[in-house]
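Below is start.cif, which holds mmCIF, C-alpha atoms.
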```
data_target
loop_
_atom_site.label_atom_id
_atom_site.label_comp_id
_atom_site.auth_asym_id
_atom_site.auth_seq_id
_atom_site.Cartn_x
_atom_site.Cartn_y
_atom_site.Cartn_z
CA MET A 10 -20.52 16.10 5.85
CA ILE A 11 -17.64 14.95 7.99
CA ILE A 12 -15.67 17.87 9.40
CA ALA A 13 -11.98 17.54 10.24
CA GLU A 14 -8.94 19.66 10.95
CA ARG A 15 -5.21 19.18 10.49
CA LYS A 16 -3.29 17.67 13.34
CA PRO A 17 -0.44 19.69 14.85
CA LEU A 18 2.56 19.58 12.52
CA ALA A 19 4.88 18.27 15.22
CA GLU A 20 2.62 15.25 15.64
CA ILE A 21 2.54 14.54 11.89
CA ILE A 22 6.28 15.01 11.43
CA ASP A 23 6.96 12.70 14.37
CA MET A 24 4.81 10.02 12.67
CA VAL A 25 6.78 10.11 9.44
CA LYS A 26 10.28 11.02 10.59
CA ASP A 27 11.69 7.57 9.85
CA HIS A 28 10.25 7.34 6.34
CA THR A 29 12.04 8.50 3.21
CA LYS A 30 9.30 8.30 0.60
CA ILE A 31 6.04 9.77 1.79
CA LEU A 32 2.78 10.03 -0.11
CA VAL A 33 0.36 12.65 1.20
CA LEU A 34 -2.94 11.28 -0.02
CA ALA A 35 -5.84 13.70 -0.33
CA CYS A 36 -9.51 12.78 -0.35
CA ARG A 37 -11.85 14.58 -2.71
CA GLY A 38 -14.87 13.93 -0.49
CA CYS A 39 -16.06 15.72 2.65
CA VAL A 40 -12.62 16.90 3.74
CA THR A 41 -12.20 18.76 0.47
CA VAL A 42 -15.44 20.63 1.09
CA CYS A 43 -14.41 21.57 4.64
CA SER A 44 -10.93 22.57 3.40
CA ALA A 45 -9.12 20.16 5.68
CA GLY A 46 -7.85 17.38 3.45
CA GLY A 47 -8.42 18.10 -0.22
CA GLU A 48 -5.76 18.45 -2.89
CA ARG A 49 -4.92 22.01 -1.87
CA GLU A 50 -4.46 21.08 1.78
CA ALA A 51 -2.43 17.99 0.84
CA ASP A 52 -0.07 20.17 -1.21
CA ILE A 53 0.34 22.54 1.73
CA LEU A 54 0.95 19.67 4.14
CA ALA A 55 3.48 18.03 1.83
CA SER A 56 5.42 21.28 1.68
CA LEU A 57 5.32 21.64 5.45
CA ILE A 58 6.47 18.05 5.95
CA ARG A 59 9.38 18.64 3.56
CA LEU A 60 10.34 21.80 5.45
CA GLY A 61 9.90 20.16 8.86
CA LEU A 62 11.98 17.11 7.98
CA LYS A 63 14.64 19.24 6.32
CA LYS A 64 14.89 21.36 9.46
CA GLU A 65 15.53 18.15 11.42
CA GLY A 66 18.25 17.21 8.96
CA LYS A 67 16.28 14.39 7.37
CA LYS A 68 15.93 13.74 3.68
CA ALA A 69 12.64 12.54 2.31
CA GLU A 70 10.72 12.60 -0.93
CA VAL A 71 7.24 13.86 -0.21
CA SER A 72 4.71 13.68 -3.00
CA THR A 73 0.97 14.17 -3.21
CA ALA A 74 -1.92 12.40 -4.87
CA SER A 75 -5.64 12.19 -4.38
CA LEU A 76 -8.49 9.73 -4.53
CA VAL A 77 -12.14 10.45 -5.28
CA ARG A 78 -12.91 9.06 -1.81
CA GLN A 79 -11.02 6.97 0.68
CA CYS A 80 -14.12 5.31 2.12
CA ASP A 81 -14.79 2.89 -0.75
CA LYS A 82 -12.81 -0.20 -1.64
CA GLU A 83 -12.81 0.52 -5.38
CA TYR A 84 -11.21 3.89 -4.82
CA ILE A 85 -8.67 2.55 -2.32
CA ASP A 86 -7.57 0.15 -5.07
CA GLY A 87 -6.41 3.25 -6.93
CA ILE A 88 -3.49 3.48 -4.50
CA ASP A 89 -1.79 0.72 -6.47
CA GLN A 90 -0.95 3.16 -9.27
CA TRP A 91 1.67 4.70 -6.97
CA LYS A 92 3.12 1.39 -5.79
CA GLY A 93 6.84 1.58 -5.13
CA GLN A 94 6.79 5.35 -4.99
CA TYR A 95 6.27 5.61 -1.24
CA ASP A 96 7.00 3.81 1.99
CA ALA A 97 4.34 5.58 4.02
CA ILE A 98 0.99 7.19 3.35
CA VAL A 99 -0.17 10.26 5.21
CA SER A 100 -3.89 10.33 4.60
CA THR A 101 -5.70 13.64 4.70
CA ALA A 102 -9.03 11.83 4.72
CA CYS A 103 -11.21 11.48 7.78
CA GLY A 104 -10.62 8.56 10.12
CA VAL A 105 -12.78 6.36 7.90
CA GLY A 106 -10.32 6.73 5.04
CA VAL A 107 -7.33 5.90 7.22
CA ASN A 108 -9.13 2.80 8.50
CA PHE A 109 -10.01 1.73 4.97
CA ILE A 110 -6.40 1.95 3.83
CA ALA A 111 -5.29 0.03 6.92
CA ASN A 112 -8.00 -2.60 6.37
CA LEU A 113 -7.15 -3.11 2.72
CA ARG A 114 -3.36 -2.64 2.63
CA GLN A 115 -2.03 -4.87 5.38
CA GLY A 116 1.66 -4.26 4.84
CA GLU A 117 1.58 -0.52 4.41
CA HIS A 118 2.18 2.26 6.87
CA VAL A 119 -0.68 4.74 6.95
CA TYR A 120 -0.89 7.77 9.21
CA PRO A 121 -3.70 10.25 9.89
CA ALA A 122 -3.04 13.88 9.03
CA LEU A 123 -6.37 15.03 10.40
CA ASN A 124 -8.40 14.92 13.55
CA THR A 125 -11.93 13.99 12.53
CA THR A 126 -14.15 16.22 14.57
CA PHE A 127 -17.87 15.96 13.84
CA PHE A 128 -20.77 15.75 11.37
CA GLY A 129 -21.64 19.28 10.47
CA GLY A 130 -22.36 21.90 7.89
CA SER A 131 -21.04 25.25 6.72
CA ALA A 132 -22.48 27.86 9.07
CA GLU A 133 -20.77 30.55 7.00
CA GLN A 134 -17.58 30.78 4.98
CA GLY A 135 -14.78 29.26 7.05
CA ILE A 136 -17.05 28.22 9.91
CA TRP A 137 -18.55 24.77 10.39
CA SER A 138 -20.91 23.66 13.13
CA GLU A 139 -21.97 20.31 14.49
CA GLN A 140 -25.53 19.39 13.57
CA CYS A 141 -25.82 15.60 13.88
CA ALA A 142 -24.34 13.03 16.23
CA GLY A 143 -25.01 10.01 14.04
CA CYS A 144 -26.75 8.36 17.00
CA GLY A 145 -28.61 5.86 14.85
CA ASN A 146 -32.13 6.66 16.05
CA CYS A 147 -33.20 10.00 14.71
CA VAL A 148 -35.62 12.12 16.76
CA LEU A 149 -35.68 15.18 14.55
CA HIS A 150 -39.37 14.62 13.75
CA LEU A 151 -40.09 15.29 17.43
CA THR A 152 -37.99 18.41 17.75
CA GLY A 153 -38.81 20.48 14.70
CA GLY A 154 -35.72 19.27 12.86
CA LEU A 155 -33.21 20.53 15.43
CA CYS A 156 -31.03 17.88 17.10
CA PRO A 157 -30.95 17.76 20.91
CA ILE A 158 -28.31 15.02 20.83
CA ALA A 159 -25.67 16.90 18.87
CA ARG A 160 -26.59 20.46 19.73
CA CYS A 161 -27.42 20.25 23.46
CA ALA A 162 -24.30 20.03 25.63
CA LYS A 163 -26.08 17.46 27.80
CA SER A 164 -27.94 15.72 24.96
CA LEU A 165 -31.18 16.19 26.87
CA PHE A 166 -34.38 14.72 25.51
CA ASN A 167 -37.10 16.46 27.44
CA GLY A 168 -36.49 20.16 27.36
CA PRO A 169 -33.68 22.42 28.56
CA CYS A 170 -31.69 22.07 31.73
CA GLY A 171 -31.70 24.82 34.33
CA GLY A 172 -28.65 26.45 32.83
CA SER A 173 -30.25 27.99 29.77
CA VAL A 174 -30.05 31.78 30.11
CA LYS A 175 -31.66 34.11 27.59
CA GLY A 176 -31.53 31.41 24.94
CA ARG A 177 -27.86 30.64 25.55
CA CYS A 178 -26.18 27.52 26.89
CA GLU A 179 -24.51 27.62 30.29
CA ILE A 180 -21.33 26.04 28.92
CA ASN A 181 -20.66 29.05 26.72
CA SER A 182 -22.70 32.17 26.08
CA GLN A 183 -21.76 31.94 22.40
CA VAL A 184 -23.62 28.63 22.10
CA PRO A 185 -27.35 28.87 21.50
CA CYS A 186 -29.52 26.67 23.69
CA VAL A 187 -30.96 24.24 21.17
CA TRP A 188 -33.91 23.54 23.43
CA GLN A 189 -34.81 27.24 23.33
CA LYS A 190 -34.56 27.01 19.56
CA ILE A 191 -36.68 23.86 19.50
CA TYR A 192 -39.31 25.51 21.71
CA ASP A 193 -39.39 28.66 19.57
CA ARG A 194 -39.51 26.74 16.32
CA MET A 195 -42.24 24.38 17.47
CA GLY A 196 -44.17 27.52 18.44
CA THR A 197 -43.73 28.96 14.97
CA LEU A 198 -45.00 25.66 13.58
CA ASN A 199 -47.91 25.66 16.06
CA ARG A 200 -46.67 22.35 17.45
CA GLN A 201 -45.51 23.30 20.97
CA LYS A 202 -48.08 20.99 22.56
CA GLU A 203 -46.12 18.01 21.22
CA LEU A 204 -43.26 18.93 23.54
CA PHE A 205 -45.39 17.96 26.55
CA VAL A 206 -45.05 14.32 25.57
CA THR A 207 -42.31 12.88 27.78
CA GLN A 208 -39.72 10.92 25.86
CA PRO A 209 -38.80 7.61 27.54
CA ILE A 210 -35.32 6.62 28.66
CA ARG A 211 -33.42 5.91 25.50
CA ASP A 212 -31.66 2.76 24.37
CA TRP A 213 -28.27 4.05 23.24
CA SER A 214 -27.11 0.81 21.63
CA SER A 215 -27.78 2.33 18.20
CA ALA A 216 -25.34 5.13 19.02
CA GLY A 217 -22.30 2.89 19.16
CA HIS A 218 -22.66 1.97 22.80
CA GLY A 219 -23.33 -1.58 21.63
CA GLY A 220 -20.01 -1.76 19.77
CA PRO A 221 -19.03 -0.84 16.22
CA ARG A 222 -22.03 -0.40 14.00
CA LYS A 223 -22.66 -2.09 10.70
CA GLN A 224 -25.39 -1.72 8.15
CA VAL A 225 -26.32 -4.48 5.72
CA ARG A 226 -28.62 -3.84 2.77
CA ASP A 227 -29.62 -7.20 1.34
CA ASP A 228 -31.08 -5.47 -1.71
CA LEU A 229 -27.63 -4.11 -2.56
CA THR A 230 -25.24 -6.89 -1.58
CA ILE A 231 -24.02 -9.26 -4.29
CA MET B 19 28.49 37.41 10.44
CA ASN B 20 28.34 38.87 6.97
CA PHE B 21 24.95 37.73 5.81
CA THR B 22 22.89 38.99 2.91
CA PRO B 23 19.49 37.38 3.12
CA ASP B 24 17.66 35.88 0.19
CA ILE B 25 14.29 37.60 0.37
CA ARG B 26 11.38 36.97 -1.96
CA LEU B 27 8.73 39.61 -2.45
CA PHE B 28 5.33 38.83 -3.89
CA SER B 29 3.54 41.97 -4.87
CA CYS B 30 0.52 42.82 -6.91
CA HIS B 31 0.70 44.60 -10.20
CA TYR B 32 -0.79 47.72 -8.64
CA THR B 33 1.54 48.16 -5.67
CA CYS B 34 4.81 47.31 -7.40
CA GLN B 35 4.33 49.12 -10.65
CA GLN B 36 7.51 51.07 -9.91
CA THR B 37 9.37 47.91 -10.97
CA SER B 38 8.70 48.95 -14.52
CA ALA B 39 9.30 52.64 -13.94
CA MET B 40 12.19 54.21 -15.83
CA ASP B 41 12.95 51.08 -17.83
CA GLY B 42 13.33 49.03 -14.69
CA LYS B 43 15.83 51.41 -13.13
CA GLY B 44 13.18 53.07 -11.01
CA LEU B 45 13.76 50.84 -8.01
CA SER B 46 17.53 51.16 -7.83
CA ASN B 47 17.14 54.90 -8.11
CA ILE B 48 15.05 54.91 -4.96
CA ASN B 49 17.37 52.66 -2.95
CA PHE B 50 15.39 49.40 -3.16
CA PRO B 51 17.56 46.54 -1.78
CA GLU B 52 19.09 44.46 -4.55
CA ASN B 53 18.86 41.20 -2.60
CA ILE B 54 15.07 41.23 -2.75
CA LYS B 55 13.64 39.27 -5.66
CA ILE B 56 10.35 40.66 -6.85
CA ASN B 57 7.59 38.32 -8.04
CA ARG B 58 4.88 40.37 -9.62
CA VAL B 59 1.39 38.86 -9.54
CA VAL B 60 -1.91 40.03 -10.92
CA CYS B 61 -3.37 40.28 -7.43
CA THR B 62 -2.01 39.17 -4.05
CA GLY B 63 -5.28 37.29 -3.59
CA LYS B 64 -3.97 34.93 -6.28
CA ILE B 65 -1.03 33.86 -4.11
CA GLU B 66 -1.51 30.40 -2.65
CA VAL B 67 -0.08 29.19 0.67
CA THR B 68 1.94 26.68 -1.33
CA THR B 69 3.52 29.51 -3.34
CA LEU B 70 4.81 31.10 -0.14
CA LEU B 71 6.01 27.78 1.28
CA LYS B 72 7.73 26.93 -1.99
CA ALA B 73 9.80 30.09 -1.65
CA PHE B 74 11.12 28.76 1.67
CA GLU B 75 11.69 25.34 0.12
CA GLU B 76 13.74 27.01 -2.59
CA GLY B 77 15.98 28.61 -0.01
CA ALA B 78 14.46 31.95 0.85
CA ASP B 79 15.49 33.32 4.23
CA GLY B 80 12.46 35.57 4.29
CA VAL B 81 9.30 36.15 2.28
CA TYR B 82 6.92 39.06 2.22
CA VAL B 83 3.83 40.11 0.39
CA VAL B 84 2.89 43.66 -0.51
CA GLY B 85 -0.68 44.24 -1.52
CA CYS B 86 -3.21 47.02 -1.74
CA PRO B 87 -4.60 48.64 1.42
CA LEU B 88 -7.08 46.32 3.15
CA ASP B 89 -10.02 48.55 2.31
CA ALA B 90 -8.83 49.58 -1.13
CA CYS B 91 -7.81 46.46 -3.01
CA HIS B 92 -8.23 46.82 -6.74
CA ASN B 93 -9.92 43.40 -6.70
CA ALA B 94 -12.02 44.11 -3.60
CA LYS B 95 -10.75 41.39 -1.25
CA GLY B 96 -7.51 40.17 -2.81
CA SER B 97 -5.17 41.72 -0.26
CA GLN B 98 -7.41 40.52 2.58
CA ARG B 99 -7.12 36.96 1.30
CA ALA B 100 -3.36 37.35 0.94
CA ALA B 101 -3.09 38.57 4.54
CA LYS B 102 -4.96 35.48 5.73
CA ARG B 103 -2.65 33.19 3.77
CA VAL B 104 0.42 34.93 5.10
CA GLU B 105 -0.98 34.47 8.59
CA THR B 106 -1.51 30.76 7.86
CA VAL B 107 2.17 30.45 6.94
CA ARG B 108 3.22 32.42 10.03
CA GLU B 109 1.27 29.97 12.20
CA ALA B 110 2.80 27.00 10.37
CA LEU B 111 6.31 28.40 10.85
CA ALA B 112 5.60 28.79 14.57
CA GLU B 113 4.49 25.15 14.65
CA LEU B 114 7.84 24.23 13.12
CA ASN B 115 9.64 26.34 15.75
CA VAL B 116 10.73 28.82 13.10
CA GLU B 117 10.45 32.60 13.59
CA PRO B 118 7.07 33.70 12.14
CA ASP B 119 8.61 37.07 11.23
CA ARG B 120 10.38 35.38 8.35
CA ILE B 121 7.16 36.11 6.50
CA LYS B 122 5.13 39.29 6.64
CA MET B 123 2.27 41.04 4.92
CA TYR B 124 2.35 44.72 4.03
CA HIS B 125 -0.40 46.89 2.65
CA THR B 126 0.75 49.96 0.79
CA PRO B 127 -0.92 52.51 -1.43
CA ARG B 128 -0.89 51.82 -5.11
CA GLY B 129 1.69 53.51 -7.27
CA LEU B 130 5.14 54.84 -6.49
CA HIS B 131 5.09 55.46 -2.75
CA HIS B 132 7.88 55.48 -0.18
CA GLU B 133 6.04 52.82 1.90
CA PHE B 134 6.95 50.22 -0.73
CA VAL B 135 10.66 50.85 -0.24
CA GLU B 136 10.30 51.20 3.54
CA ALA B 137 8.68 47.76 3.71
CA ALA B 138 11.65 46.33 1.81
CA HIS B 139 14.16 47.88 4.20
CA GLU B 140 12.19 46.75 7.24
CA MET B 141 11.98 43.19 5.94
CA ASN B 142 15.67 43.25 5.05
CA SER B 143 16.53 44.36 8.56
CA ILE B 144 14.28 41.76 10.24
CA VAL B 145 15.57 38.82 8.20
CA THR B 146 19.20 39.91 8.48
CA LYS B 147 18.82 39.89 12.28
CA LEU B 148 17.11 36.48 12.20
CA GLY B 149 19.94 35.01 10.17
CA PRO B 150 19.92 32.26 7.55
CA SER B 151 16.86 30.09 7.05
CA PRO B 152 16.76 27.03 9.29
CA PHE B 153 15.43 24.97 6.38
#
```
Would you mind writing the file out in structure tokens?
Amino acid sequence: MIIAERKPLAEIIDMVKDHTKILVLACRGCVTVCSAGGEREADILASLIRLGLKKEGKKAEVSTASLVRQCDKEYIDGIDQWKGQYDAIVSTACGVGVNFIANLRQGEHVYPALNTTFFGGSAEQGIWSEQCAGCGNCVLHLTGGLCPIARCAKSLFNGPCGGSVKGRCEINSQVPCVWQKIYDRMGTLNRQKELFVTQPIRDWSSAGHGGPRKQVRDDLTI
Amino acid sequence: MNFTPDIRLFSCHYTCQQTSAMDGKGLSNINFPENIKINRVVCTGKIEVTTLLKAFEEGADGVYVVGCPLDACHNAKGSQRAAKRVETVREALAELNVEPDRIKMYHTPRGLHHEFVEAAHEMNSIVTKLGPSPF
């Protein structure tokens, strides 16, 4: 899922300080699961915005609502049910949701409440870790299912750098060296010999280096 | 300045059971400050961050939570969860340039213990010194 975290309050309050009717719009997708932008977090943020604006001597109505997702046009259309009740939307969705509202509601002010951080999973309760970089050309079949793009600080393709010490990354001893993990796992799977195959220089255009990416499925378009 | 703070206490059923002692007169008999409004909850783990923030929105100058000892919560981890939520609000207050000590978490033994009253007096003293809420 997409992992995100709330922006600093000062930044959010500065965004909305000139608005008087603010809708904090939650997303019931990924950001609900990672406890960054679901209904509960939107309620908390709305309260904090009210307190922050009040402290600055400003009056504003701050309400909350939620959409199933903010990354689909049909759900964005649901915003119309609150028409006239707000003059700015603070979206607690990931950056995709904010972009979708901006794309589809030309005249409306929309602000991001979150910093979208990475694609990850729940390592344990309250802890999320990056697992995938969305690079557009998956190599997990070559590495035992562990991603050297997202999980190696240098995104190396052909084994660890010289900084791996006792299975830990040189950037931070708390970070496991994914190449050590790949090596160990391929050993467990009796596939270590595959790691001797040198991977060629990669074409990174699929990773966004060739501009914004788009996917078209002719079997689904109407 | 003559200032009597509006303080809201959220306490679990187990740690504030003296509120019902002696037909409700138990607290005044043991010198519990009258300006503290007690909100009794089934477990402090049930208290949401929004509940604490709402108290400030409603005009509280200070808020505190009294729950079971960290390692002896009647509901296992309720008071631990409450402590985390109080900490979340403390961090948010700091972000708003408001004194984090306007909200605190206390863990006291269950039943009628002097720590419950001491926490009230400490909170009363802290919030009185901080002055009226900036909200």
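The set of residues that the PyMOL selection byres ((chain A) within 6 of (chain B)) takes from this file is Ile53, Lys63 and Lys64 of chain A.
Relative to atom CA of Thr126 of chain A, atom CA of Gly145 of chain A is found at 17.8 Å.
By chain and then residue number, the residues within 10 Å of Gly129 of chain B are His31, Tyr32, Thr33, Cys34, Gln35, Gln36 and Cys86 of chain B, counting only C-alpha atoms and disregarding those fewer than 6 positions away in sequence.
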* Which residues, written as a list in words, have at least one atom at most 12 Å from Ile85 of chain A, with only C-alpha atoms counted and residues fewer than 5 positions away on the same chain left out? -> Leu34, Ala35, Cys36, Ser75, Leu76, Val77, Arg78, Gln79, Cys80, Gln90, Trp91, Ser100, Ala102, Val105, Gly106, Val107, Asn108, Phe109, Ile110, Ala111, Asn112, Leu113 and Arg114 of chain A
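Every protein, DNA or RNA residue with an atom at most 8 Å from Cys43 of chain A, where all atoms listed in the file count and chain neighbours fewer than 6 positions away do not, is listed here: Ile12, Ala13, Ser131 and Trp137 of chain A.
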I need the chosen residues saved as a short mmCIF file (atom, residue, chain, number, x, y, z; two decimals), in the frame of the given file, with C-alpha atoms.
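Here's the written file result_25.cif:
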```cif
data_model
loop_
_atom_site.label_atom_id
_atom_site.label_comp_id
_atom_site.auth_asym_id
_atom_site.auth_seq_id
_atom_site.Cartn_x
_atom_site.Cartn_y
_atom_site.Cartn_z
CA ILE A 12 -15.67 17.87 9.40
CA ALA A 13 -11.98 17.54 10.24
CA SER A 131 -21.04 25.25 6.72
CA TRP A 137 -18.55 24.77 10.39
#
```
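Note that the spacing between atom CA of Glu48 of chain A and atom CA of Ala132 of chain A amounts to 22.6 Å.
In this structure, atom CA of Asp89 of chain B sits 20.5 Å away from atom CA of Thr106 of chain B.
Nearest to Val174 of chain A of all the residues A:Thr230, A:Ser72, A:Gln189, A:Ser44 is A:Gln189, counting all atoms listed in the file.
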* Asked: Can you list, as JSON, numbers by chain, every protein, DNA or RNA residue that comes within 10 Å of segment 78-83 of chain B when you count all atoms listed in the file, leaving out same-chain residues fewer than 3 positions away?
  -> {"B": [22, 23, 24, 25, 26, 27, 28, 29, 30, 54, 55, 56, 57, 62, 65, 70, 71, 72, 73, 74, 75, 97, 100, 101, 104, 117, 118, 119, 120, 121, 122, 123, 124, 125, 137, 138, 141, 142, 144, 145, 146, 148, 149, 150, 151, 152, 153]}
* Structure fact -> Gly96 of chain B proximity check over B:Asn20, B:Pro51, B:Gly63, B:Ser143, using only C-alpha atoms: winner is B:Gly63
* Structure fact -> Using only C-alpha atoms, the best pick from A:Arg49, A:Lys30, A:Arg37, A:Lys190 as closest to Gly93 of chain A would be A:Lys30
* Counting only C-alpha atoms, write as number ranges by chain all protein and nucleic acid residues lying at most 9 Å from (-29.2, 18.0, 15.5) in the file's frame. => A: 139-142, 147-149, 154-161, 187
* Considering all atoms listed in the file, return as a PyMOL selection string whatever protein or nucleic-acid residues lie within 10 Å of segment 217-220 of chain A, sequence-local ones (same chain, fewer than 4 positions apart) excluded. => chain A and resi 143-145+212-213
Complete segment 22-37 of chain A with N, CA and C atoms (output as a short mmCIF file (atom, residue, chain, number, x, y, z; two decimals), keeping the file's coordinate frame).
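part_16.cif, freshly written:
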```
data_model
loop_
_atom_site.label_atom_id
_atom_site.label_comp_id
_atom_site.auth_asym_id
_atom_site.auth_seq_id
_atom_site.Cartn_x
_atom_site.Cartn_y
_atom_site.Cartn_z
N ILE A 22 4.86 15.20 11.79
CA ILE A 22 6.28 15.01 11.43
C ILE A 22 6.89 13.89 12.28
N ASP A 23 6.46 13.79 13.52
CA ASP A 23 6.96 12.70 14.37
C ASP A 23 6.51 11.34 13.82
N MET A 24 5.32 11.29 13.24
CA MET A 24 4.81 10.02 12.67
C MET A 24 5.70 9.54 11.52
N VAL A 25 6.14 10.49 10.70
CA VAL A 25 6.78 10.11 9.44
C VAL A 25 8.30 10.26 9.44
N LYS A 26 8.86 10.62 10.58
CA LYS A 26 10.28 11.02 10.59
C LYS A 26 11.23 9.91 10.15
N ASP A 27 10.80 8.66 10.25
CA ASP A 27 11.69 7.57 9.85
C ASP A 27 11.43 7.07 8.43
N HIS A 28 10.55 7.74 7.71
CA HIS A 28 10.25 7.34 6.34
C HIS A 28 10.99 8.25 5.36
N THR A 29 11.29 7.71 4.20
CA THR A 29 12.04 8.50 3.21
C THR A 29 11.24 8.79 1.94
N LYS A 30 10.15 8.04 1.76
CA LYS A 30 9.30 8.30 0.60
C LYS A 30 7.85 8.37 1.09
N ILE A 31 7.34 9.55 1.14
CA ILE A 31 6.04 9.77 1.79
C ILE A 31 5.02 10.26 0.76
N LEU A 32 3.87 9.60 0.78
CA LEU A 32 2.78 10.03 -0.11
C LEU A 32 1.70 10.69 0.75
N VAL A 33 1.47 11.96 0.52
CA VAL A 33 0.36 12.65 1.20
C VAL A 33 -0.86 12.47 0.31
N LEU A 34 -1.82 11.72 0.81
CA LEU A 34 -2.94 11.28 -0.02
C LEU A 34 -4.22 12.04 0.34
N ALA A 35 -4.64 12.89 -0.57
CA ALA A 35 -5.84 13.70 -0.33
C ALA A 35 -7.10 12.90 -0.62
N CYS A 36 -8.20 13.37 -0.08
CA CYS A 36 -9.51 12.78 -0.35
C CYS A 36 -10.37 13.88 -0.94
N ARG A 37 -11.05 13.56 -2.05
CA ARG A 37 -11.85 14.58 -2.71
C ARG A 37 -13.31 14.58 -2.23
#
```
